[in-house]
$ cat start-v5.txt   # compact mmCIF, C-alpha atoms
# COMPACT_ATOMS: atom_id res chain seq x y z
CA PHE G 23 -23.22 35.95 3.46
CA LEU G 24 -22.25 35.77 -0.21
CA LEU G 25 -18.58 36.08 0.64
CA GLY G 26 -18.73 33.21 3.10
CA GLY G 27 -17.63 35.35 6.04
CA SER G 28 -19.00 37.70 8.66
CA VAL G 29 -19.37 41.45 8.33
CA SER G 30 -16.84 41.95 11.12
CA GLY G 31 -14.39 39.74 9.23
CA LEU G 32 -14.73 41.86 6.09
CA ALA G 33 -14.28 45.01 8.11
CA CYS G 34 -10.75 43.86 8.96
CA LEU G 35 -9.82 43.63 5.28
CA SER G 36 -8.28 46.38 3.20
CA PRO G 37 -10.19 47.58 0.10
CA GLU G 38 -7.86 45.43 -1.99
CA GLY G 39 -8.61 42.46 0.25
CA ILE G 40 -12.37 42.94 -0.10
CA LEU G 41 -12.02 43.13 -3.89
CA ARG G 42 -10.01 39.94 -3.88
CA GLU G 43 -12.65 38.16 -1.78
CA ILE G 44 -15.32 39.29 -4.25
CA GLN G 45 -13.29 38.13 -7.24
CA ILE G 46 -12.57 34.71 -5.73
CA ASN G 47 -15.90 33.95 -4.10
CA LEU G 48 -18.37 35.60 -6.47
CA LEU G 49 -16.89 36.18 -9.89
CA GLU G 50 -15.70 32.70 -10.82
CA CYS G 51 -17.49 29.42 -11.46
CA LYS G 52 -16.83 27.03 -8.57
CA VAL G 53 -16.99 23.99 -10.85
CA CYS G 54 -14.40 24.88 -13.52
CA PHE G 55 -12.76 27.76 -11.56
CA GLU G 56 -12.90 29.98 -14.65
CA LYS G 57 -13.87 33.64 -14.27
CA PHE G 58 -17.37 34.54 -15.38
CA SER G 59 -17.43 36.55 -18.60
CA THR G 60 -20.22 38.25 -20.50
CA GLN G 61 -17.97 38.36 -23.56
CA GLN G 62 -17.66 34.57 -23.78
CA ARG G 63 -21.06 32.92 -23.96
CA GLY G 64 -19.87 29.68 -22.36
CA HIS G 65 -18.65 31.50 -19.27
CA ARG G 66 -21.71 33.64 -18.63
CA PRO G 67 -23.04 33.30 -15.04
CA GLN G 68 -26.34 31.43 -14.89
CA ASN G 69 -28.77 31.15 -11.98
CA LEU G 70 -30.01 27.66 -11.12
CA PRO G 71 -33.52 27.39 -9.61
CA CYS G 72 -31.91 26.45 -6.27
CA GLY G 73 -30.07 29.79 -6.18
CA HIS G 74 -26.53 28.63 -6.96
CA VAL G 75 -24.62 30.09 -9.90
CA LEU G 76 -22.60 28.20 -12.52
CA CYS G 77 -21.22 29.15 -15.89
CA LEU G 78 -23.28 28.13 -18.93
CA GLU G 79 -20.60 25.72 -20.13
CA CYS G 80 -20.64 23.76 -16.87
CA ILE G 81 -24.43 23.64 -16.83
CA ARG G 82 -24.36 22.08 -20.29
CA ALA G 83 -21.61 19.64 -19.30
CA LEU G 84 -23.42 18.47 -16.13
CA SER G 85 -26.91 18.17 -17.61
CA HIS G 86 -28.54 15.11 -19.17
CA PRO G 87 -28.68 15.61 -22.96
CA LEU G 88 -32.23 14.28 -23.29
CA LEU G 89 -33.87 15.09 -19.96
CA ARG G 90 -32.25 18.57 -19.92
CA LYS G 91 -31.84 18.34 -16.16
CA LEU G 92 -28.85 18.41 -13.83
CA GLU G 93 -28.14 17.88 -10.16
CA CYS G 94 -26.74 21.01 -8.54
CA PRO G 95 -23.15 20.15 -7.53
CA PHE G 96 -23.54 22.12 -4.30
CA CYS G 97 -26.97 21.31 -2.85
CA ARG G 98 -27.88 18.23 -4.99
CA GLN G 99 -31.25 19.69 -5.98
CA LEU G 100 -32.53 18.52 -9.36
CA CYS G 101 -32.75 21.51 -11.71
CA SER G 102 -34.13 21.95 -15.21
CA ILE G 103 -31.98 23.74 -17.79
CA ASP G 104 -35.09 25.55 -19.02
CA SER G 105 -35.45 27.11 -15.55
CA THR G 106 -31.99 28.69 -15.52
CA SER G 107 -31.52 32.40 -16.14
CA HIS G 108 -28.70 34.83 -16.68
CA CYS G 109 -27.31 36.22 -13.41
CA GLN G 110 -27.33 39.88 -14.32
CA VAL G 111 -26.25 41.09 -10.89
CA LEU G 112 -22.89 39.30 -11.16
CA SER G 113 -22.36 40.62 -14.67
CA ASP G 114 -23.04 44.15 -13.44
CA LEU G 115 -20.70 43.66 -10.47
CA GLN G 116 -17.94 42.35 -12.72
CA GLU G 117 -18.31 45.31 -15.08
CA LEU G 118 -18.20 47.71 -12.14
CA LEU G 119 -14.99 46.21 -10.75
CA PHE G 120 -13.29 45.73 -14.11
CA SER G 121 -12.25 49.36 -14.40
CA TRP G 122 -10.28 49.31 -11.12
CA SER G 123 -8.70 46.42 -9.26
CA PRO G 124 -5.40 47.13 -7.45
CA LEU G 125 -4.58 43.44 -7.00
CA SER G 126 -5.22 42.56 -10.63
CA SER G 127 -3.28 45.60 -11.80
CA ALA G 128 -0.30 44.70 -9.63
CA LEU G 129 -0.26 41.11 -10.83
CA SER G 130 -0.63 42.26 -14.42
CA HIS G 131 2.30 44.63 -13.97
CA ARG G 132 4.45 41.83 -12.55
CA ALA G 133 3.51 39.54 -15.41
CA LYS G 134 4.59 42.14 -18.00
CA GLY G 135 7.92 42.48 -16.24
CA GLY G 136 8.48 38.71 -16.26
CA TYR G 137 9.47 36.43 -13.40
CA VAL G 138 13.08 35.42 -12.96
CA THR G 139 12.91 32.06 -11.20
CA GLY G 140 14.12 28.54 -11.76
CA LEU G 141 10.56 27.35 -12.24
CA THR G 142 9.46 29.59 -15.09
CA SER G 143 10.16 32.90 -16.75
CA THR G 144 6.53 34.03 -16.97
CA ALA G 145 3.43 34.11 -14.78
CA LEU G 146 1.78 30.77 -14.09
CA HIS G 147 -1.82 30.23 -15.14
CA LEU G 148 -4.49 27.82 -13.95
CA ARG G 149 -4.53 24.89 -16.37
CA ASP G 150 -6.69 22.37 -14.59
CA ALA G 151 -8.45 21.75 -11.27
CA PHE G 152 -10.12 18.75 -9.68
CA GLY G 153 -11.48 17.55 -6.38
CA GLY G 154 -14.01 19.81 -4.70
CA TRP G 155 -16.15 19.22 -1.65
CA GLY G 156 -17.20 15.60 -1.34
CA THR G 157 -14.29 14.26 -3.37
CA LEU G 158 -11.90 15.94 -0.92
CA ILE G 159 -12.84 17.07 2.58
CA ASN G 160 -10.54 19.53 4.33
CA PRO G 161 -7.36 18.30 2.60
CA THR G 162 -4.09 18.90 4.44
CA GLY G 163 -1.24 17.30 2.46
CA ILE G 164 -0.21 16.58 -1.13
CA ALA G 165 2.55 14.60 -2.86
CA SER G 166 3.39 13.27 -6.31
CA LEU G 167 4.23 9.72 -7.31
CA GLY G 168 7.58 10.23 -9.02
CA SER G 169 7.48 12.07 -12.35
CA SER G 170 4.37 10.20 -13.54
CA GLY G 171 2.09 13.04 -12.49
CA THR G 172 0.00 10.82 -10.19
CA ILE G 173 -1.16 12.93 -7.24
CA VAL G 174 -1.67 11.69 -3.66
CA VAL G 175 -3.76 13.77 -1.22
CA VAL G 176 -4.63 13.21 2.45
CA HIS G 177 -7.93 14.59 3.72
CA ASP G 178 -10.71 13.98 6.24
CA GLY G 179 -12.88 11.65 4.17
CA ASP G 180 -13.87 8.11 5.15
CA LYS G 181 -10.74 6.89 3.37
CA LYS G 182 -7.99 9.32 4.22
CA VAL G 183 -5.67 8.90 1.22
CA ALA G 184 -6.93 9.68 -2.29
CA VAL G 185 -4.91 8.94 -5.43
CA PHE G 186 -5.58 10.83 -8.69
CA SER G 187 -4.35 10.50 -12.24
CA PRO G 188 -2.59 13.51 -13.87
CA GLN G 189 -5.94 14.36 -15.47
CA GLY G 190 -7.70 14.48 -12.09
CA LYS G 191 -9.50 11.12 -12.27
CA LYS G 192 -9.73 9.46 -8.87
CA LEU G 193 -7.92 6.14 -9.20
CA HIS G 194 -8.44 4.71 -5.72
CA SER G 195 -8.41 5.56 -2.02
CA PHE G 196 -7.34 3.85 1.18
CA GLY G 197 -6.72 4.43 4.88
CA GLN G 198 -10.04 3.73 6.56
CA ARG G 199 -10.73 5.85 9.62
CA GLY G 200 -9.50 4.15 12.79
CA GLN G 201 -6.53 3.02 14.83
CA THR G 202 -6.47 -0.51 13.48
CA SER G 203 -3.64 -1.82 11.33
CA GLY G 204 -3.78 0.14 8.10
CA GLY G 205 -6.23 2.65 9.55
CA ILE G 206 -5.64 6.40 9.70
CA CYS G 207 -7.21 8.70 12.29
CA TYR G 208 -6.23 12.26 11.42
CA PRO G 209 -3.67 12.67 8.62
CA LEU G 210 -1.65 15.87 8.40
CA ASP G 211 0.86 15.33 5.62
CA VAL G 212 1.95 12.82 3.00
CA THR G 213 4.97 12.04 0.85
CA VAL G 214 5.97 9.37 -1.64
CA THR G 215 9.35 7.65 -1.35
CA PRO G 216 11.66 7.13 -4.35
CA CYS G 217 10.57 3.47 -4.42
CA GLY G 218 6.87 4.46 -4.56
CA CYS G 219 5.72 3.94 -0.97
CA VAL G 220 3.20 6.36 0.54
CA VAL G 221 4.12 7.82 3.95
CA VAL G 222 1.47 9.54 6.10
CA THR G 223 1.81 11.44 9.37
CA ASP G 224 -1.16 10.61 11.59
CA ALA G 225 -1.86 13.04 14.44
CA GLY G 226 -4.69 10.87 15.71
CA ASP G 227 -2.43 8.19 17.15
CA LYS G 228 0.85 10.14 16.89
CA ALA G 229 2.40 7.85 14.33
CA VAL G 230 4.04 7.70 10.93
CA LYS G 231 2.49 5.07 8.64
CA VAL G 232 3.87 3.54 5.46
CA PHE G 233 1.74 2.00 2.69
CA THR G 234 2.31 0.62 -0.77
CA SER G 235 1.06 2.75 -3.65
CA ARG G 236 -2.03 0.51 -3.74
CA GLY G 237 -2.77 1.11 -0.07
CA ASN G 238 -1.47 -2.04 1.58
CA HIS G 239 -0.19 -1.28 5.06
CA MET G 240 3.53 -1.94 5.49
CA LEU G 241 4.69 -0.29 8.70
CA THR G 242 3.65 1.95 11.60
CA VAL G 243 6.17 3.89 13.68
CA LYS G 244 4.79 5.32 16.92
CA ASP G 245 5.68 5.90 20.59
CA SER G 246 8.53 8.18 19.51
CA PHE G 247 6.48 11.24 18.52
CA GLN G 248 4.48 13.81 20.45
CA MET G 249 2.78 15.27 17.35
CA PRO G 250 4.24 14.28 13.95
CA TRP G 251 3.29 16.81 11.27
CA GLY G 252 5.32 17.40 8.10
CA VAL G 253 7.02 14.62 6.17
CA ASP G 254 9.23 14.27 3.11
CA THR G 255 11.94 11.90 1.93
CA ASN G 256 15.43 12.55 0.63
CA SER G 257 17.02 10.93 -2.41
CA CYS G 258 18.08 7.94 -0.28
CA GLY G 259 14.51 7.31 0.83
CA HIS G 260 15.13 8.38 4.44
CA MET G 261 12.05 9.98 5.97
CA LEU G 262 12.28 13.50 7.42
CA VAL G 263 9.51 14.11 9.97
CA SER G 264 8.77 17.26 11.96
CA ASP G 265 7.28 17.01 15.45
CA THR G 266 5.44 20.25 16.16
CA GLN G 267 5.13 19.64 19.92
CA ALA G 268 8.63 18.28 20.51
CA GLY G 269 10.16 20.95 18.26
CA THR G 270 12.30 18.46 16.35
CA LEU G 271 13.09 17.22 12.87
CA SER G 272 13.82 13.48 12.77
CA ARG G 273 15.53 11.40 10.11
CA MET G 274 14.19 7.87 9.90
CA LYS G 275 15.69 4.92 8.04
CA VAL G 276 13.36 2.18 6.83
CA ASP G 277 13.84 -1.02 4.88
CA TYR G 278 10.88 -0.63 2.54
CA ALA G 279 11.41 -3.99 0.83
CA ARG G 280 10.93 -5.86 4.11
CA GLY G 281 8.74 -3.30 5.88
CA LEU G 282 11.20 -2.84 8.74
CA PHE G 283 11.93 0.26 10.80
CA LEU G 284 15.71 0.55 11.20
CA GLU G 285 16.69 3.79 12.93
CA GLN G 286 15.50 7.23 14.06
CA GLN G 287 17.80 10.19 14.72
CA THR G 288 17.02 13.73 15.83
CA ALA G 289 18.53 15.77 13.02
CA VAL G 290 17.46 19.21 14.33
CA SER G 291 16.15 20.21 17.76
CA ASP G 292 14.98 23.48 19.37
CA LEU G 293 12.58 24.25 16.53
CA LYS G 294 9.44 26.29 17.26
CA ASN G 295 6.30 24.44 16.18
CA PRO G 296 7.77 23.00 12.97
CA LYS G 297 5.20 21.86 10.44
CA ALA G 298 5.79 21.68 6.67
CA VAL G 299 8.96 19.91 5.50
CA ALA G 300 10.52 19.75 2.04
CA CYS G 301 13.74 18.11 0.85
CA CYS G 302 15.48 19.26 -2.33
CA ARG G 303 16.48 16.33 -4.53
CA VAL G 304 19.02 18.55 -6.34
CA THR G 305 21.01 20.01 -3.43
CA GLY G 306 19.99 17.77 -0.53
CA ASN G 307 18.89 20.86 1.42
CA THR G 308 15.90 20.59 3.76
CA ALA G 309 13.37 23.36 4.39
CA VAL G 310 11.32 23.43 7.60
CA MET G 311 8.41 25.79 8.19
CA GLU G 312 8.20 27.10 11.73
CA HIS G 313 5.61 29.55 13.01
CA LYS G 314 5.99 32.52 10.62
CA ARG G 315 9.59 31.52 9.89
CA LEU G 316 11.33 29.34 7.35
CA LYS G 317 14.64 27.58 7.98
CA VAL G 318 16.77 25.87 5.34
CA PHE G 319 19.39 23.31 6.33
CA THR G 320 22.21 21.70 4.38
CA GLU G 321 22.32 17.98 3.69
CA ASP G 322 24.11 17.41 7.03
CA PHE G 323 21.55 19.66 8.80
CA SER G 324 23.70 22.73 9.35
CA LEU G 325 21.59 25.90 9.27
CA LEU G 326 22.01 27.50 5.86
CA TYR G 327 19.49 30.34 6.06
CA GLN G 328 16.37 31.51 7.86
CA ILE G 329 13.77 34.10 6.97
CA ASP G 330 10.58 35.27 8.66
CA SER G 331 7.43 36.98 7.45
CA PHE G 332 8.42 40.30 9.00
CA SER G 333 11.72 40.40 7.10
CA LEU G 334 9.95 39.61 3.85
CA ALA G 335 7.47 42.41 4.50
CA LEU G 336 10.34 44.91 4.74
CA GLN G 337 11.22 44.40 1.07
CA SER G 338 7.64 44.47 -0.21
CA THR G 339 4.16 45.60 0.77
CA VAL G 340 3.10 42.00 1.50
CA ARG G 341 3.60 40.08 4.71
CA PRO G 342 3.08 36.47 3.63
CA ASN G 343 1.69 33.80 5.92
CA MET G 344 3.88 30.90 4.79
CA SER G 345 2.00 27.60 5.04
CA GLY G 346 3.59 25.15 2.60
CA VAL G 347 7.06 24.82 1.11
CA ALA G 348 8.72 23.08 -1.84
CA PHE G 349 11.80 23.33 -4.05
CA ASP G 350 11.75 23.78 -7.80
CA ARG G 351 14.03 21.76 -10.05
CA ASP G 352 16.80 24.37 -9.75
CA GLY G 353 16.74 24.30 -5.95
CA ASP G 354 14.86 27.57 -5.46
CA VAL G 355 12.47 27.75 -2.50
CA ILE G 356 8.74 28.15 -3.16
CA VAL G 357 6.13 28.84 -0.46
CA THR G 358 2.36 29.04 -0.32
CA ASP G 359 0.80 32.11 1.31
CA SER G 360 -2.48 31.09 2.93
CA SER G 361 -3.47 34.64 3.93
CA HIS G 362 -3.19 36.24 0.49
CA GLY G 363 -3.97 33.22 -1.69
CA MET G 364 -0.57 33.40 -3.33
CA VAL G 365 2.45 31.28 -4.20
CA TRP G 366 5.87 32.96 -4.00
CA SER G 367 9.37 32.04 -5.04
CA LEU G 368 12.04 33.05 -2.52
CA GLY G 369 14.98 32.13 -4.74
CA LYS G 370 17.93 30.25 -3.29
CA LEU G 371 17.92 32.28 -0.02
CA GLN G 372 21.69 32.14 0.55
CA HIS G 373 21.92 35.04 -1.88
CA GLY G 374 19.17 36.84 0.02
CA PRO G 375 15.44 36.18 -0.48
CA VAL G 376 13.77 37.65 -3.55
CA LEU G 377 10.01 37.62 -3.08
CA THR G 378 8.65 36.84 -6.55
CA PRO G 379 4.97 36.04 -7.20
CA LEU G 380 4.29 32.86 -9.17
CA VAL G 381 0.53 32.42 -8.70
CA GLY G 382 -1.97 35.08 -7.69
CA ASP G 383 -5.26 33.95 -9.22
CA ASN G 384 -7.91 31.38 -8.30
CA LEU G 385 -6.41 30.45 -4.93
CA ILE G 386 -8.27 30.82 -1.63
CA HIS G 387 -6.29 29.07 1.11
CA PRO G 388 -3.32 27.15 -0.32
CA VAL G 389 -1.73 24.75 2.17
CA GLY G 390 0.63 22.59 0.15
CA LEU G 391 2.32 22.21 -3.22
CA VAL G 392 4.53 19.98 -5.31
CA THR G 393 6.56 20.80 -8.41
CA LEU G 394 6.55 18.71 -11.56
CA ASN G 395 8.96 20.15 -14.13
CA ASN G 396 7.43 23.49 -15.18
CA THR G 397 4.17 22.69 -13.41
CA LEU G 398 2.98 23.63 -9.93
CA VAL G 399 0.37 21.42 -8.29
CA ILE G 400 -1.25 23.28 -5.40
CA LEU G 401 -3.56 21.97 -2.69
CA ASP G 402 -6.20 24.60 -1.90
CA SER G 403 -8.11 23.79 1.29
CA GLY G 404 -10.32 26.83 0.72
CA ASP G 405 -12.41 24.98 -1.85
CA HIS G 406 -11.06 21.45 -1.21
CA ALA G 407 -9.39 21.23 -4.60
CA VAL G 408 -6.13 20.42 -6.37
CA LYS G 409 -5.13 23.12 -8.85
CA ILE G 410 -2.53 22.76 -11.58
CA TYR G 411 -0.62 25.79 -12.85
CA SER G 412 1.80 26.10 -15.73
CA ALA G 413 3.37 28.77 -17.92
CA LYS G 414 0.91 27.97 -20.69
CA CYS G 415 -2.86 28.18 -20.59
CA ASP G 416 -3.45 25.29 -22.96
CA ALA G 417 -4.49 21.94 -21.54
CA GLY G 418 -2.29 18.90 -21.61
CA ALA G 419 -0.89 16.10 -19.53
CA ILE G 420 1.64 16.72 -16.82
CA VAL G 421 5.11 15.87 -18.01
$ encode --input "start-v5.txt" --output "structure tokens"
Amino acid sequence: FLLGGSVSGLACLSPEGILREIQINLLECKVCFEKFSTQQRGHRPQNLPCGHVLCLECIRALSHPLLRKLECPFCRQLCSIDSTSHCQVLSDLQELLFSWSPLSSALSHRAKGGYVTGLTSTALHLRDAFGGWGTLINPTGIASLGSSGTIVVVHDGDKKVAVFSPQGKKLHSFGQRGQTSGGICYPLDVTVTPCGCVVVTDAGDKAVKVFTSRGNHMLTVKDSFQMPWGVDTNSCGHMLVSDTQAGTLSRMKVDYARGLFLEQQTAVSDLKNPKAVACCRVTGNTAVMEHKRLKVFTEDFSLLYQIDSFSLALQSTVRPNMSGVAFDRDGDVIVTDSSHGMVWSLGKLQHGPVLTPLVGDNLIHPVGLVTLNNTLVILDSGDHAVKIYSAKCDAGAIV
């Protein structure tokens, strides 16, 4: 019950997998996503009267300074600070597991060796996180608004598109549920064009919809898709859309200034359930995620390389379940691994994939990511949050 899964589900996990579930679901505060610590007073686990556990620092931050009360962020029960108590059982569990953790040891060993990737030369650390249940509900796609650091997320809330500042403040939202003009039924992915337009794939009415950055509806393209899924744009602003049922990747030309749809071409056919799509602004290459397989195409859509989970497992002990894909600023391929809660760099692939871990902490079920200079912004549907990782642990604005 504590781990959020059934006993039979845990029985299918390896000992390392069970330890990881414990570390993620029990031994970190689900408000600030920092690990509980008995050595740091602010991060000690505290029981609320309702039964939920937060770190002491978050309890202080959420409570009224005079009334000394706070609303539990999970069940909304009003709790008094004076009624909180130290959660000794979690402290004991953390001390018990501290002496041996294969996953933590492996990640620590990799970090000491250093990571040779275009994104960074060291392990990435969680710098900030925002969202959470209520702010985001079952998010499925993420994009960035140029290099400003503004983050756009699609999810299953009343308004399907949420826009956040680099610091995680919700700026505005749009895309009311529905099939009316400007409405969105069931968004799957989102991208932002070079001119700042927001493009959403809507599985509810099998359409691609274009909005201004403020949420004004500009254009809807439908009747040419069976199930549009992934979307990205190239440096020219052409949209690249995968159709998971038709097995195609389409290139679409749009006049954004006038809100006119110009042309649609099938760039790649015979794909098997293509979903995530990413276009490299450096090389012009396009990556498409099929079922357990990744394909990378050149700018003119000739197949450059393909790799599947089984092949990656041959060179390591991990068989990643690739769910999201992006390119770093040097053109290296990065994928999210929804099964292991990891983010991996695959390198440039034409030289042969090199499976290199970038993020291995504080992720539950990553489904999408964007790169901003030396920063990774990851969408974690496991706890409905956006998580920002960088090579440094200190806080600061995205650059």
$ residues_around --input "start-v5.txt" --residues "G:Pro67" --least-positions-apart "3" --cutoff "8 Å" --atoms "all atoms listed in the file" --output "CSV table (one decimal) with C-alpha atoms, in the coordinates of the input"
chain,number,residue,atom,x,y,z
G,51,CYS,CA,-17.5,29.4,-11.5
G,58,PHE,CA,-17.4,34.5,-15.4
G,59,SER,CA,-17.4,36.6,-18.6
G,60,THR,CA,-20.2,38.2,-20.5
G,75,VAL,CA,-24.6,30.1,-9.9
G,76,LEU,CA,-22.6,28.2,-12.5
G,77,CYS,CA,-21.2,29.2,-15.9
G,78,LEU,CA,-23.3,28.1,-18.9
G,108,HIS,CA,-28.7,34.8,-16.7
G,109,CYS,CA,-27.3,36.2,-13.4
G,110,GLN,CA,-27.3,39.9,-14.3
G,112,LEU,CA,-22.9,39.3,-11.2
G,113,SER,CA,-22.4,40.6,-14.7
$ closest_residue --input "start-v5.txt" --among "G:Cys72, G:Val392, G:Leu385, G:Ala225" --to "G:Thr213" --atoms "only C-alpha atoms"
G:Val392
$ closest_residue --input "start-v5.txt" --among "G:Lys182, G:Arg236, G:Lys370, G:Lys275" --to "G:Thr255" --atoms "only C-alpha atoms"
G:Lys275
$ residues_around --input "start-v5.txt" --residues "G:Cys207" --least-positions-apart "3" --cutoff "9 Å" --atoms "all atoms listed in the file" --output "PyMOL selection string"
chain G and resi 178+182+197-201+224-227
$ atom_distance --input "start-v5.txt" --atom1 "atom CA of G:Ala289" --atom2 "atom CA of G:Leu401"
27.8 Å
$ axis_aligned_box --input "start-v5.txt" --around "stretch 238-246 of chain G" --padding-each-side "8 Å" --output "JSON"
{"center_x": 3.5, "center_y": 3.1, "center_z": 11.1, "size_x": 26.0, "size_y": 26.2, "size_z": 35.0}
$ closest_residue --input "start-v5.txt" --among "G:Ser203, G:Ile164, G:Ser403, G:Met240" --to "G:Val299" --atoms "only C-alpha atoms"
G:Ile164
$ closest_residue --input "start-v5.txt" --among "G:Ser291, G:Gly346, G:Val355, G:Ala83" --to "G:Val318" --atoms "all atoms listed in the file"
G:Val355
$ residues_around --input "start-v5.txt" --residues "G:Ile410" --least-positions-apart "2" --cutoff "10 Å" --atoms "all atoms listed in the file" --output "list in words"
Leu146, His147, Leu148, Arg149, Asp150, Ala151, Phe152, Pro188, Gln189, Gly190, Leu391, Val392, Thr393, Leu394, Thr397, Leu398, Val399, Ile400, Leu401, Ala407, Val408, Ser412 and Ile420 of chain G
$ atom_distance --input "start-v5.txt" --atom1 "atom CA of G:Asp330" --atom2 "atom CA of G:Asp265"
19.8 Å
$ residues_around --input "start-v5.txt" --residues "G:Arg280" --least-positions-apart "3" --cutoff "12 Å" --atoms "all atoms listed in the file" --output "list of chain:residue names"
G:Val232, G:Thr234, G:Met240, G:Leu241, G:Val276, G:Asp277, G:Phe283, G:Leu284
$ atom_distance --input "start-v5.txt" --atom1 "atom CA of G:Asn395" --atom2 "atom CA of G:Trp366"
16.6 Å
$ residues_around --input "start-v5.txt" --residues "G:Thr270" --least-positions-apart "2" --cutoff "7 Å" --atoms "all atoms listed in the file" --output "list in words"
Ser264, Asp265, Ala268, Ser272, Thr288, Val290, Ser291, Asp292 and Leu293 of chain G
$ closest_residue --input "start-v5.txt" --among "G:Gly204, G:Pro209, G:Gly156, G:Gly218" --to "G:Ile173" --atoms "all atoms listed in the file"
G:Gly218
